[in-house]
Structure formats: C-alpha cells, structure tokens
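Next comes structure-v3.cif, a file with mmCIF, N, CA and C atoms.
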```
data_run
#
loop_
_atom_site.label_atom_id
_atom_site.label_comp_id
_atom_site.auth_asym_id
_atom_site.auth_seq_id
_atom_site.Cartn_x
_atom_site.Cartn_y
_atom_site.Cartn_z
N PRO A 1141 17.05 40.39 -3.06
CA PRO A 1141 17.58 39.96 -1.77
C PRO A 1141 17.53 38.44 -1.62
N GLU A 1142 18.43 37.91 -0.81
CA GLU A 1142 18.50 36.46 -0.64
C GLU A 1142 17.22 35.86 -0.08
N ASP A 1143 16.47 36.60 0.72
CA ASP A 1143 15.26 36.04 1.31
C ASP A 1143 14.01 36.31 0.47
N ALA A 1144 14.18 36.82 -0.74
CA ALA A 1144 13.04 37.09 -1.63
C ALA A 1144 12.45 35.77 -2.10
N PRO A 1145 11.13 35.71 -2.25
CA PRO A 1145 10.53 34.46 -2.74
C PRO A 1145 10.99 34.15 -4.16
N VAL A 1146 11.14 32.87 -4.45
CA VAL A 1146 11.59 32.43 -5.76
C VAL A 1146 10.44 32.51 -6.76
N LEU A 1147 9.24 32.14 -6.32
CA LEU A 1147 8.08 32.13 -7.19
C LEU A 1147 7.06 33.17 -6.75
N ALA A 1148 6.34 33.73 -7.70
CA ALA A 1148 5.23 34.61 -7.38
C ALA A 1148 4.17 33.79 -6.65
N PRO A 1149 3.36 34.43 -5.79
CA PRO A 1149 2.36 33.67 -5.02
C PRO A 1149 1.46 32.78 -5.87
N GLU A 1150 1.07 33.24 -7.05
CA GLU A 1150 0.19 32.43 -7.89
C GLU A 1150 0.91 31.22 -8.50
N LEU A 1151 2.24 31.17 -8.44
CA LEU A 1151 3.01 30.05 -8.97
C LEU A 1151 3.59 29.16 -7.87
N GLU A 1152 3.38 29.53 -6.63
CA GLU A 1152 3.95 28.79 -5.51
C GLU A 1152 3.41 27.36 -5.48
N LEU A 1153 4.27 26.42 -5.24
CA LEU A 1153 3.88 25.02 -5.19
C LEU A 1153 3.29 24.70 -3.82
N THR A 1154 2.06 24.20 -3.82
CA THR A 1154 1.34 23.97 -2.57
C THR A 1154 0.85 22.54 -2.41
N GLY A 1155 1.31 21.64 -3.25
CA GLY A 1155 0.90 20.25 -3.13
C GLY A 1155 -0.38 19.91 -3.85
N SER A 1156 -0.88 20.80 -4.69
CA SER A 1156 -2.11 20.51 -5.43
C SER A 1156 -1.86 19.40 -6.45
N PRO A 1157 -2.78 18.45 -6.58
CA PRO A 1157 -2.62 17.41 -7.60
C PRO A 1157 -2.45 18.02 -8.99
N GLY A 1158 -1.52 17.44 -9.75
CA GLY A 1158 -1.24 17.93 -11.09
C GLY A 1158 -0.12 18.94 -11.15
N THR A 1159 0.40 19.35 -9.98
CA THR A 1159 1.53 20.28 -9.93
C THR A 1159 2.75 19.55 -9.39
N ARG A 1160 3.91 20.17 -9.59
CA ARG A 1160 5.12 19.58 -9.01
C ARG A 1160 5.01 19.60 -7.48
N ALA A 1161 5.56 18.59 -6.87
CA ALA A 1161 5.57 18.53 -5.41
C ALA A 1161 6.44 19.66 -4.86
N PRO A 1162 6.03 20.27 -3.75
CA PRO A 1162 6.83 21.36 -3.20
C PRO A 1162 8.15 20.86 -2.59
N HIS A 1163 9.11 21.74 -2.60
CA HIS A 1163 10.40 21.46 -1.97
C HIS A 1163 10.34 21.83 -0.49
N CYS A 1164 10.84 20.97 0.35
CA CYS A 1164 11.03 21.25 1.78
C CYS A 1164 12.36 20.63 2.18
N TRP A 1165 13.12 21.34 3.00
CA TRP A 1165 14.35 20.76 3.53
C TRP A 1165 13.99 19.81 4.65
N LEU A 1166 14.64 18.65 4.64
CA LEU A 1166 14.40 17.60 5.62
C LEU A 1166 15.69 17.19 6.30
N ASP A 1167 15.57 16.60 7.48
CA ASP A 1167 16.70 16.04 8.20
C ASP A 1167 16.45 14.54 8.35
N ARG A 1168 17.42 13.73 7.94
CA ARG A 1168 17.36 12.28 8.14
C ARG A 1168 18.64 11.88 8.87
N ASP A 1169 18.52 11.72 10.17
CA ASP A 1169 19.66 11.33 10.99
C ASP A 1169 20.89 12.19 10.75
N GLY A 1170 20.69 13.52 10.72
CA GLY A 1170 21.79 14.45 10.55
C GLY A 1170 22.13 14.77 9.10
N GLU A 1171 21.53 14.08 8.17
CA GLU A 1171 21.75 14.34 6.74
C GLU A 1171 20.66 15.28 6.24
N ARG A 1172 21.03 16.33 5.56
CA ARG A 1172 20.07 17.29 5.00
C ARG A 1172 19.72 16.86 3.58
N LEU A 1173 18.43 16.75 3.30
CA LEU A 1173 17.98 16.43 1.96
C LEU A 1173 16.69 17.16 1.66
N SER A 1174 16.34 17.22 0.41
CA SER A 1174 15.12 17.87 -0.04
C SER A 1174 14.04 16.83 -0.26
N THR A 1175 12.79 17.23 -0.13
CA THR A 1175 11.71 16.32 -0.49
C THR A 1175 11.87 15.87 -1.94
N ILE A 1176 12.41 16.72 -2.78
CA ILE A 1176 12.60 16.37 -4.19
C ILE A 1176 13.52 15.16 -4.33
N ASP A 1177 14.45 14.98 -3.39
CA ASP A 1177 15.35 13.83 -3.42
C ASP A 1177 14.62 12.50 -3.19
N LEU A 1178 13.39 12.55 -2.72
CA LEU A 1178 12.64 11.34 -2.41
C LEU A 1178 12.01 10.70 -3.64
N TYR A 1179 11.89 11.46 -4.71
CA TYR A 1179 11.13 11.01 -5.87
C TYR A 1179 12.05 10.44 -6.95
N PHE A 1180 11.48 10.10 -8.07
CA PHE A 1180 12.16 9.66 -9.30
C PHE A 1180 12.45 8.16 -9.35
N ASP A 1181 12.09 7.38 -8.35
CA ASP A 1181 12.24 5.93 -8.42
C ASP A 1181 10.88 5.22 -8.36
N ASP A 1182 10.12 5.53 -7.35
CA ASP A 1182 8.83 4.90 -7.10
C ASP A 1182 7.79 5.97 -6.78
N PHE A 1183 6.55 5.54 -6.66
CA PHE A 1183 5.55 6.43 -6.08
C PHE A 1183 5.92 6.61 -4.61
N VAL A 1184 5.63 7.78 -4.07
CA VAL A 1184 5.95 8.08 -2.68
C VAL A 1184 4.71 8.63 -2.01
N LEU A 1185 4.38 8.07 -0.86
CA LEU A 1185 3.28 8.59 -0.05
C LEU A 1185 3.89 9.30 1.15
N LEU A 1186 3.49 10.55 1.35
CA LEU A 1186 3.97 11.35 2.48
C LEU A 1186 2.83 11.60 3.45
N THR A 1187 3.13 11.51 4.72
CA THR A 1187 2.15 11.83 5.76
C THR A 1187 2.89 12.49 6.92
N GLY A 1188 2.14 13.16 7.77
CA GLY A 1188 2.75 13.85 8.90
C GLY A 1188 2.58 13.13 10.22
N SER A 1189 2.05 11.91 10.20
CA SER A 1189 1.79 11.19 11.44
C SER A 1189 2.10 9.72 11.29
N ARG A 1190 2.97 9.21 12.16
CA ARG A 1190 3.31 7.78 12.13
C ARG A 1190 2.10 6.93 12.48
N ASP A 1191 1.23 7.43 13.33
CA ASP A 1191 0.07 6.66 13.79
C ASP A 1191 -1.14 6.81 12.89
N SER A 1192 -0.99 7.48 11.75
CA SER A 1192 -2.15 7.75 10.90
C SER A 1192 -2.66 6.52 10.17
N GLY A 1193 -1.80 5.52 9.96
CA GLY A 1193 -2.20 4.34 9.21
C GLY A 1193 -1.96 4.45 7.71
N TRP A 1194 -1.45 5.61 7.26
CA TRP A 1194 -1.25 5.81 5.83
C TRP A 1194 -0.16 4.92 5.25
N LEU A 1195 0.90 4.66 6.01
CA LEU A 1195 1.97 3.83 5.48
C LEU A 1195 1.47 2.42 5.18
N GLU A 1196 0.65 1.91 6.08
CA GLU A 1196 0.07 0.58 5.88
C GLU A 1196 -0.91 0.58 4.70
N ALA A 1197 -1.70 1.64 4.58
CA ALA A 1197 -2.66 1.75 3.47
C ALA A 1197 -1.92 1.80 2.13
N ALA A 1198 -0.82 2.54 2.07
CA ALA A 1198 -0.04 2.63 0.84
C ALA A 1198 0.58 1.29 0.49
N ASP A 1199 1.07 0.59 1.49
CA ASP A 1199 1.66 -0.72 1.27
C ASP A 1199 0.62 -1.69 0.70
N ARG A 1200 -0.58 -1.69 1.29
CA ARG A 1200 -1.64 -2.58 0.80
C ARG A 1200 -2.04 -2.22 -0.63
N ALA A 1201 -2.23 -0.93 -0.91
CA ALA A 1201 -2.63 -0.49 -2.25
C ALA A 1201 -1.56 -0.84 -3.28
N GLY A 1202 -0.30 -0.60 -2.93
CA GLY A 1202 0.79 -0.91 -3.85
C GLY A 1202 0.88 -2.40 -4.16
N LYS A 1203 0.74 -3.23 -3.14
CA LYS A 1203 0.80 -4.68 -3.35
C LYS A 1203 -0.38 -5.15 -4.18
N LEU A 1204 -1.56 -4.62 -3.91
CA LEU A 1204 -2.75 -5.01 -4.66
C LEU A 1204 -2.60 -4.70 -6.15
N LEU A 1205 -2.00 -3.56 -6.46
CA LEU A 1205 -1.86 -3.14 -7.85
C LEU A 1205 -0.52 -3.51 -8.48
N GLY A 1206 0.40 -4.04 -7.67
CA GLY A 1206 1.71 -4.39 -8.19
C GLY A 1206 2.56 -3.17 -8.52
N VAL A 1207 2.40 -2.12 -7.71
CA VAL A 1207 3.12 -0.86 -7.93
C VAL A 1207 3.93 -0.55 -6.67
N PRO A 1208 5.24 -0.38 -6.78
CA PRO A 1208 6.02 -0.01 -5.60
C PRO A 1208 5.62 1.38 -5.08
N VAL A 1209 5.33 1.45 -3.78
CA VAL A 1209 5.01 2.72 -3.13
C VAL A 1209 5.84 2.79 -1.86
N ARG A 1210 6.68 3.82 -1.76
CA ARG A 1210 7.46 4.06 -0.54
C ARG A 1210 6.73 5.10 0.29
N GLY A 1211 6.68 4.88 1.58
CA GLY A 1211 6.03 5.82 2.47
C GLY A 1211 7.02 6.47 3.42
N HIS A 1212 6.76 7.75 3.73
CA HIS A 1212 7.60 8.48 4.66
C HIS A 1212 6.73 9.29 5.61
N VAL A 1213 7.17 9.36 6.86
CA VAL A 1213 6.52 10.22 7.84
C VAL A 1213 7.40 11.45 8.01
N LEU A 1214 6.84 12.62 7.66
CA LEU A 1214 7.57 13.88 7.76
C LEU A 1214 7.10 14.61 9.01
N ALA A 1215 7.76 14.32 10.15
CA ALA A 1215 7.37 14.91 11.44
C ALA A 1215 8.44 14.59 12.47
N GLU A 1216 8.38 15.28 13.60
CA GLU A 1216 9.23 14.89 14.73
C GLU A 1216 8.86 13.46 15.07
N GLY A 1217 9.86 12.61 15.22
CA GLY A 1217 9.60 11.21 15.50
C GLY A 1217 9.36 10.39 14.23
N GLY A 1218 9.31 11.05 13.08
CA GLY A 1218 9.16 10.34 11.81
C GLY A 1218 10.52 9.97 11.25
N ASP A 1219 10.53 9.30 10.11
CA ASP A 1219 11.82 8.94 9.52
C ASP A 1219 12.50 10.15 8.89
N LEU A 1220 11.72 11.20 8.57
CA LEU A 1220 12.25 12.45 8.04
C LEU A 1220 11.63 13.61 8.81
N ARG A 1221 12.44 14.59 9.17
CA ARG A 1221 11.95 15.74 9.94
C ARG A 1221 12.11 17.03 9.14
N PRO A 1222 11.00 17.74 8.90
CA PRO A 1222 11.11 19.02 8.20
C PRO A 1222 11.94 20.00 9.02
N GLU A 1223 12.81 20.76 8.34
CA GLU A 1223 13.63 21.76 9.04
C GLU A 1223 12.79 22.94 9.50
N GLN A 1224 11.84 23.34 8.70
CA GLN A 1224 10.98 24.47 9.06
C GLN A 1224 9.54 24.10 8.75
N GLY A 1225 8.62 24.59 9.58
CA GLY A 1225 7.21 24.35 9.31
C GLY A 1225 6.85 22.89 9.46
N THR A 1226 5.81 22.49 8.78
CA THR A 1226 5.32 21.13 8.89
C THR A 1226 5.04 20.56 7.51
N PHE A 1227 4.92 19.27 7.47
CA PHE A 1227 4.55 18.57 6.24
C PHE A 1227 3.23 19.13 5.70
N GLY A 1228 2.24 19.24 6.56
CA GLY A 1228 0.92 19.67 6.14
C GLY A 1228 0.88 21.07 5.56
N ALA A 1229 1.61 21.98 6.17
CA ALA A 1229 1.61 23.37 5.68
C ALA A 1229 2.19 23.45 4.28
N ALA A 1230 3.23 22.71 4.00
CA ALA A 1230 3.86 22.76 2.69
C ALA A 1230 3.05 22.04 1.62
N HIS A 1231 2.29 21.02 2.02
CA HIS A 1231 1.59 20.18 1.04
C HIS A 1231 0.07 20.39 1.02
N GLY A 1232 -0.43 21.31 1.81
CA GLY A 1232 -1.85 21.65 1.75
C GLY A 1232 -2.78 20.64 2.38
N VAL A 1233 -2.30 19.89 3.37
CA VAL A 1233 -3.15 18.93 4.07
C VAL A 1233 -2.85 19.01 5.57
N PRO A 1234 -3.78 18.55 6.41
CA PRO A 1234 -3.46 18.48 7.84
C PRO A 1234 -2.45 17.37 8.10
N GLU A 1235 -1.88 17.35 9.28
CA GLU A 1235 -0.82 16.39 9.62
C GLU A 1235 -1.26 14.94 9.43
N HIS A 1236 -2.54 14.63 9.65
CA HIS A 1236 -3.00 13.25 9.50
C HIS A 1236 -3.40 12.92 8.06
N GLY A 1237 -3.27 13.89 7.15
CA GLY A 1237 -3.58 13.67 5.74
C GLY A 1237 -2.43 12.98 5.04
N ALA A 1238 -2.54 12.88 3.71
CA ALA A 1238 -1.50 12.20 2.93
C ALA A 1238 -1.42 12.80 1.54
N VAL A 1239 -0.24 12.66 0.95
CA VAL A 1239 0.02 13.12 -0.41
C VAL A 1239 0.73 11.99 -1.16
N LEU A 1240 0.22 11.66 -2.35
CA LEU A 1240 0.85 10.65 -3.20
C LEU A 1240 1.57 11.38 -4.34
N VAL A 1241 2.87 11.14 -4.45
CA VAL A 1241 3.70 11.80 -5.46
C VAL A 1241 4.18 10.76 -6.47
N ARG A 1242 4.03 11.10 -7.75
CA ARG A 1242 4.47 10.22 -8.82
C ARG A 1242 6.00 10.21 -8.92
N PRO A 1243 6.58 9.23 -9.61
CA PRO A 1243 8.04 9.20 -9.77
C PRO A 1243 8.62 10.39 -10.51
N ASP A 1244 7.79 11.16 -11.23
CA ASP A 1244 8.29 12.36 -11.91
C ASP A 1244 8.16 13.60 -11.05
N ALA A 1245 7.86 13.42 -9.77
CA ALA A 1245 7.76 14.49 -8.76
C ALA A 1245 6.52 15.36 -8.91
N PHE A 1246 5.49 14.87 -9.61
CA PHE A 1246 4.21 15.56 -9.66
C PHE A 1246 3.27 14.92 -8.66
N VAL A 1247 2.44 15.74 -8.03
CA VAL A 1247 1.47 15.25 -7.06
C VAL A 1247 0.34 14.55 -7.81
N ALA A 1248 0.13 13.28 -7.49
CA ALA A 1248 -0.94 12.50 -8.11
C ALA A 1248 -2.25 12.67 -7.36
N TRP A 1249 -2.16 12.84 -6.01
CA TRP A 1249 -3.37 12.82 -5.18
C TRP A 1249 -3.02 13.32 -3.80
N ARG A 1250 -3.99 13.89 -3.13
CA ARG A 1250 -3.81 14.24 -1.73
C ARG A 1250 -5.16 14.23 -1.04
N THR A 1251 -5.12 14.05 0.27
CA THR A 1251 -6.35 14.01 1.05
C THR A 1251 -6.11 14.55 2.45
N ALA A 1252 -7.15 15.15 2.98
CA ALA A 1252 -7.14 15.60 4.37
C ALA A 1252 -7.75 14.54 5.28
N ASP A 1253 -8.32 13.50 4.68
CA ASP A 1253 -9.01 12.47 5.44
C ASP A 1253 -8.05 11.49 6.09
N SER A 1254 -8.58 10.72 7.03
CA SER A 1254 -7.81 9.65 7.63
C SER A 1254 -7.91 8.43 6.73
N PRO A 1255 -6.99 7.47 6.87
CA PRO A 1255 -7.02 6.31 5.97
C PRO A 1255 -8.27 5.46 6.12
N ALA A 1256 -8.91 5.52 7.29
CA ALA A 1256 -10.14 4.74 7.47
C ALA A 1256 -11.21 5.15 6.46
N THR A 1257 -11.19 6.41 6.06
CA THR A 1257 -12.21 6.90 5.13
C THR A 1257 -11.66 7.12 3.73
N ALA A 1258 -10.36 7.02 3.53
CA ALA A 1258 -9.79 7.37 2.23
C ALA A 1258 -8.91 6.30 1.59
N GLU A 1259 -8.79 5.13 2.21
CA GLU A 1259 -7.92 4.11 1.64
C GLU A 1259 -8.38 3.69 0.25
N ASP A 1260 -9.68 3.56 0.05
CA ASP A 1260 -10.20 3.21 -1.28
C ASP A 1260 -9.85 4.30 -2.29
N ALA A 1261 -9.91 5.55 -1.86
CA ALA A 1261 -9.57 6.66 -2.75
C ALA A 1261 -8.08 6.62 -3.11
N LEU A 1262 -7.23 6.25 -2.17
CA LEU A 1262 -5.80 6.11 -2.46
C LEU A 1262 -5.58 5.01 -3.49
N ARG A 1263 -6.24 3.89 -3.31
CA ARG A 1263 -6.10 2.78 -4.26
C ARG A 1263 -6.57 3.22 -5.65
N ALA A 1264 -7.70 3.94 -5.71
CA ALA A 1264 -8.21 4.43 -6.99
C ALA A 1264 -7.26 5.43 -7.63
N ALA A 1265 -6.67 6.30 -6.82
CA ALA A 1265 -5.72 7.30 -7.34
C ALA A 1265 -4.47 6.62 -7.88
N LEU A 1266 -3.98 5.63 -7.18
CA LEU A 1266 -2.79 4.89 -7.63
C LEU A 1266 -3.11 4.12 -8.93
N ALA A 1267 -4.29 3.54 -9.00
CA ALA A 1267 -4.71 2.84 -10.22
C ALA A 1267 -4.81 3.80 -11.39
N ALA A 1268 -5.40 4.97 -11.17
CA ALA A 1268 -5.53 5.96 -12.24
C ALA A 1268 -4.17 6.48 -12.69
N ALA A 1269 -3.27 6.70 -11.74
CA ALA A 1269 -1.94 7.24 -12.07
C ALA A 1269 -1.08 6.25 -12.84
N THR A 1270 -1.37 4.96 -12.68
CA THR A 1270 -0.58 3.94 -13.35
C THR A 1270 -1.30 3.29 -14.52
N GLY A 1271 -2.56 3.65 -14.72
CA GLY A 1271 -3.35 3.06 -15.79
C GLY A 1271 -3.74 1.62 -15.55
N ARG A 1272 -3.80 1.24 -14.27
CA ARG A 1272 -4.16 -0.14 -13.91
C ARG A 1272 -5.62 -0.19 -13.45
N PRO A 1273 -6.29 -1.29 -13.72
CA PRO A 1273 -7.71 -1.38 -13.32
C PRO A 1273 -7.87 -1.53 -11.81
#
```
Starting from the file, lay out its structure as structure tokens.
Amino acid sequence: PEDAPVLAPELELTGSPGTRAPHCWLDRDGERLSTIDLYFDDFVLLTGSRDSGWLEAADRAGKLLGVPVRGHVLAEGGDLRPEQGTFGAAHGVPEHGAVLVRPDAFVAWRTADSPATAEDALRAALAAATGRP
C-alpha cells in the first residue's frame, strides 16, 4: 500500500550520529523541499528554535575552525517549516536541541542540550568531523 513504511523499524532513520540524516518534507516560502536537499555543499546545523542560540554557536565554531556551516531553523517562524511533525521528532532531539549534518548527509553529532552547555561540544564535533585540531 502507498502508506506502508519504506523502512523496517530497525532501519528507520532517526538522526543518530553515524547514520544518514532523516528525510522530512519542508516548506520554504511556498516551495516544497526535502531536508536532504539541504546537504551536499557544507556542514548544516539544524535546530527547532530560532531563539536557541544554535545558529550563532555554529557560526562561531565554523569561523574558528575555518569550516563553512549553514544553519537552519525548522519550525513555525523558522526559515524552513516541516510539513508534518516537528524537527525534534524526526531527528531524535527536543526542539531546543541541534543536529550537525556532514556534506555527505550523514549525521555528525546531535545534542538535546542548549548551546550554553554544548557549544564546546559542537566545536569539538566539527573539529573531529573535519580532522582539524
């Protein structure tokens, strides 16, 4: 049937580091796109809250390491709006958490923490993913 799941539950993509990033349909100003369309150029940091501070943390970490990192807010009022469900449900983090996706669309890192407690971890994850000190 058309509504049958594509993957068995044990193979479902849930945003775990080391797995491919999950697909979610998004709306950007009336244009429909997939989360998968966001990858393949730079590292991408996704969060579900504009006020979380993650976009600023990603910008600082990227500049410090010399690695381009694009950030997106996947929420109502964000630059991208999920068509169904929420960013957090699809990626295994709460709305104020964050997920770092590599340019090959694999999840490099994710956290349920706020940036006040996890910015150093983001910087370390980005350094590890790029092989930079």
Worksheet item: Just how far from atom N of Gly1271 of chain A is atom CA of Leu1220 of chain A, in Å to one decimal?
Response: 28.5 Å
Fill in: Explicit residues for the PyMOL selection byres ((chain A and resi 1159-1171) around 5) (as an NGL selection string)
:A and (1153 or 1155-1158 or 1172-1175 or 1220-1223 or 1245-1247)
Fill in: Explicit residues for the PyMOL selection byres ((chain A and resi 1211) around 7) (as an MDAnalysis selection string)
chainID A and resid 1183:1187 1194:1195 1209:1210 1212:1213
Output N, CA and C atoms for every residue in the selection just made, as a PDB file, in the coordinates of the input.
```
ATOM      1  N   PHE A1183       6.550   5.540  -6.660  1.00  0.00           N
ATOM      2  CA  PHE A1183       5.550   6.430  -6.080  1.00  0.00           C
ATOM      3  C   PHE A1183       5.920   6.610  -4.610  1.00  0.00           C
ATOM      4  N   VAL A1184       5.630   7.780  -4.070  1.00  0.00           N
ATOM      5  CA  VAL A1184       5.950   8.080  -2.680  1.00  0.00           C
ATOM      6  C   VAL A1184       4.710   8.630  -2.010  1.00  0.00           C
ATOM      7  N   LEU A1185       4.380   8.070  -0.860  1.00  0.00           N
ATOM      8  CA  LEU A1185       3.280   8.590  -0.050  1.00  0.00           C
ATOM      9  C   LEU A1185       3.890   9.300   1.150  1.00  0.00           C
ATOM     10  N   LEU A1186       3.490  10.550   1.350  1.00  0.00           N
ATOM     11  CA  LEU A1186       3.970  11.350   2.480  1.00  0.00           C
ATOM     12  C   LEU A1186       2.830  11.600   3.450  1.00  0.00           C
ATOM     13  N   THR A1187       3.130  11.510   4.720  1.00  0.00           N
ATOM     14  CA  THR A1187       2.150  11.830   5.760  1.00  0.00           C
ATOM     15  C   THR A1187       2.890  12.490   6.920  1.00  0.00           C
ATOM     16  N   TRP A1194      -1.450   5.610   7.260  1.00  0.00           N
ATOM     17  CA  TRP A1194      -1.250   5.810   5.830  1.00  0.00           C
ATOM     18  C   TRP A1194      -0.160   4.920   5.250  1.00  0.00           C
ATOM     19  N   LEU A1195       0.900   4.660   6.010  1.00  0.00           N
ATOM     20  CA  LEU A1195       1.970   3.830   5.480  1.00  0.00           C
ATOM     21  C   LEU A1195       1.470   2.420   5.180  1.00  0.00           C
ATOM     22  N   VAL A1209       5.330   1.450  -3.780  1.00  0.00           N
ATOM     23  CA  VAL A1209       5.010   2.720  -3.130  1.00  0.00           C
ATOM     24  C   VAL A1209       5.840   2.790  -1.860  1.00  0.00           C
ATOM     25  N   ARG A1210       6.680   3.820  -1.760  1.00  0.00           N
ATOM     26  CA  ARG A1210       7.460   4.060  -0.540  1.00  0.00           C
ATOM     27  C   ARG A1210       6.730   5.100   0.290  1.00  0.00           C
ATOM     28  N   HIS A1212       6.760   7.750   3.730  1.00  0.00           N
ATOM     29  CA  HIS A1212       7.600   8.480   4.660  1.00  0.00           C
ATOM     30  C   HIS A1212       6.730   9.290   5.610  1.00  0.00           C
ATOM     31  N   VAL A1213       7.170   9.360   6.860  1.00  0.00           N
ATOM     32  CA  VAL A1213       6.520  10.220   7.840  1.00  0.00           C
ATOM     33  C   VAL A1213       7.400  11.450   8.010  1.00  0.00           C
TER      34      VAL A1213
END
```
Discussion item. Please return as a VMD selection string every residue within 10 Å of (-1.6, 6.2, -10.3), taking into account only C-alpha atoms and the file's own coordinates.
Written reply: chain A and resid 1183 1202 1205 1207 1240 to 1242 1248 to 1249 1262 to 1272
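Atom C of Ala1230 of chain A lies 11.8 Å from atom N of Leu1214 of chain A.
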Worksheet item: From the set A:Gln1224, A:Gly1218, A:Pro1273, A:Glu1259, which residue has the shortest atom-to-atom contact distance to Ala1198 of chain A, counting all atoms listed in the file?
Response: A:Glu1259
Discussion item. When DSSP is applied to the backbone of this structure, which of chain A are assigned strand (DSSP E or B)? Write them out as an MDAnalysis selection string.
Written reply: chainID A and resid 1160 1165:1168 1171:1174 1183:1187 1209:1214 1220:1222 1238:1241 1246:1251
Discussion item. Could you list, as number ranges by chain, every residue matched by the PyMOL selection byres ((chain A and resi 1188) around 7) in this structure?
Written reply: A: 1186-1187, 1189-1192, 1212-1215, 1227-1228, 1234-1238
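Atom C of Thr1251 of chain A is found 5.5 Å from atom CA of Val1233 of chain A.
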Practice prompt. Name the residues of segment 1172-1262 of chain A that come out as alpha helix (DSSP H) in a backbone DSSP run; write them as a VMD selection string.
Written response: chain A and resid 1194 to 1205 1227 to 1231 1255 to 1262
Those same residues - N, CA and C atoms - I'd like them written as a short mmCIF file (atom, residue, chain, number, x, y, z; two decimals), in the coordinates of the input.
```cif
data_model
loop_
_atom_site.label_atom_id
_atom_site.label_comp_id
_atom_site.auth_asym_id
_atom_site.auth_seq_id
_atom_site.Cartn_x
_atom_site.Cartn_y
_atom_site.Cartn_z
N TRP A 1194 -1.45 5.61 7.26
CA TRP A 1194 -1.25 5.81 5.83
C TRP A 1194 -0.16 4.92 5.25
N LEU A 1195 0.90 4.66 6.01
CA LEU A 1195 1.97 3.83 5.48
C LEU A 1195 1.47 2.42 5.18
N GLU A 1196 0.65 1.91 6.08
CA GLU A 1196 0.07 0.58 5.88
C GLU A 1196 -0.91 0.58 4.70
N ALA A 1197 -1.70 1.64 4.58
CA ALA A 1197 -2.66 1.75 3.47
C ALA A 1197 -1.92 1.80 2.13
N ALA A 1198 -0.82 2.54 2.07
CA ALA A 1198 -0.04 2.63 0.84
C ALA A 1198 0.58 1.29 0.49
N ASP A 1199 1.07 0.59 1.49
CA ASP A 1199 1.66 -0.72 1.27
C ASP A 1199 0.62 -1.69 0.70
N ARG A 1200 -0.58 -1.69 1.29
CA ARG A 1200 -1.64 -2.58 0.80
C ARG A 1200 -2.04 -2.22 -0.63
N ALA A 1201 -2.23 -0.93 -0.91
CA ALA A 1201 -2.63 -0.49 -2.25
C ALA A 1201 -1.56 -0.84 -3.28
N GLY A 1202 -0.30 -0.60 -2.93
CA GLY A 1202 0.79 -0.91 -3.85
C GLY A 1202 0.88 -2.40 -4.16
N LYS A 1203 0.74 -3.23 -3.14
CA LYS A 1203 0.80 -4.68 -3.35
C LYS A 1203 -0.38 -5.15 -4.18
N LEU A 1204 -1.56 -4.62 -3.91
CA LEU A 1204 -2.75 -5.01 -4.66
C LEU A 1204 -2.60 -4.70 -6.15
N LEU A 1205 -2.00 -3.56 -6.46
CA LEU A 1205 -1.86 -3.14 -7.85
C LEU A 1205 -0.52 -3.51 -8.48
N PHE A 1227 4.92 19.27 7.47
CA PHE A 1227 4.55 18.57 6.24
C PHE A 1227 3.23 19.13 5.70
N GLY A 1228 2.24 19.24 6.56
CA GLY A 1228 0.92 19.67 6.14
C GLY A 1228 0.88 21.07 5.56
N ALA A 1229 1.61 21.98 6.17
CA ALA A 1229 1.61 23.37 5.68
C ALA A 1229 2.19 23.45 4.28
N ALA A 1230 3.23 22.71 4.00
CA ALA A 1230 3.86 22.76 2.69
C ALA A 1230 3.05 22.04 1.62
N HIS A 1231 2.29 21.02 2.02
CA HIS A 1231 1.59 20.18 1.04
C HIS A 1231 0.07 20.39 1.02
N PRO A 1255 -6.99 7.47 6.87
CA PRO A 1255 -7.02 6.31 5.97
C PRO A 1255 -8.27 5.46 6.12
N ALA A 1256 -8.91 5.52 7.29
CA ALA A 1256 -10.14 4.74 7.47
C ALA A 1256 -11.21 5.15 6.46
N THR A 1257 -11.19 6.41 6.06
CA THR A 1257 -12.21 6.90 5.13
C THR A 1257 -11.66 7.12 3.73
N ALA A 1258 -10.36 7.02 3.53
CA ALA A 1258 -9.79 7.37 2.23
C ALA A 1258 -8.91 6.30 1.59
N GLU A 1259 -8.79 5.13 2.21
CA GLU A 1259 -7.92 4.11 1.64
C GLU A 1259 -8.38 3.69 0.25
N ASP A 1260 -9.68 3.56 0.05
CA ASP A 1260 -10.20 3.21 -1.28
C ASP A 1260 -9.85 4.30 -2.29
N ALA A 1261 -9.91 5.55 -1.86
CA ALA A 1261 -9.57 6.66 -2.75
C ALA A 1261 -8.08 6.62 -3.11
N LEU A 1262 -7.23 6.25 -2.17
CA LEU A 1262 -5.80 6.11 -2.46
C LEU A 1262 -5.58 5.01 -3.49
#
```
What are the centre and the three edge lengths of an axis-aligned box that wraps all atoms of segment 1204-1209 of chain A in the file, given that 4 Å is added to every side, written as JSON and rounded to one decimal in Å?
```
{"center_x": 1.6, "center_y": -1.1, "center_z": -5.2, "size_x": 16.8, "size_y": 15.8, "size_z": 14.7}
```
Item to complete: Measuring atom to atom with only C-alpha atoms, identify which of A:Pro1208, A:Gly1193, A:Pro1243, A:Gly1225 is nearest to Phe1180 of chain A.
Response: A:Pro1243
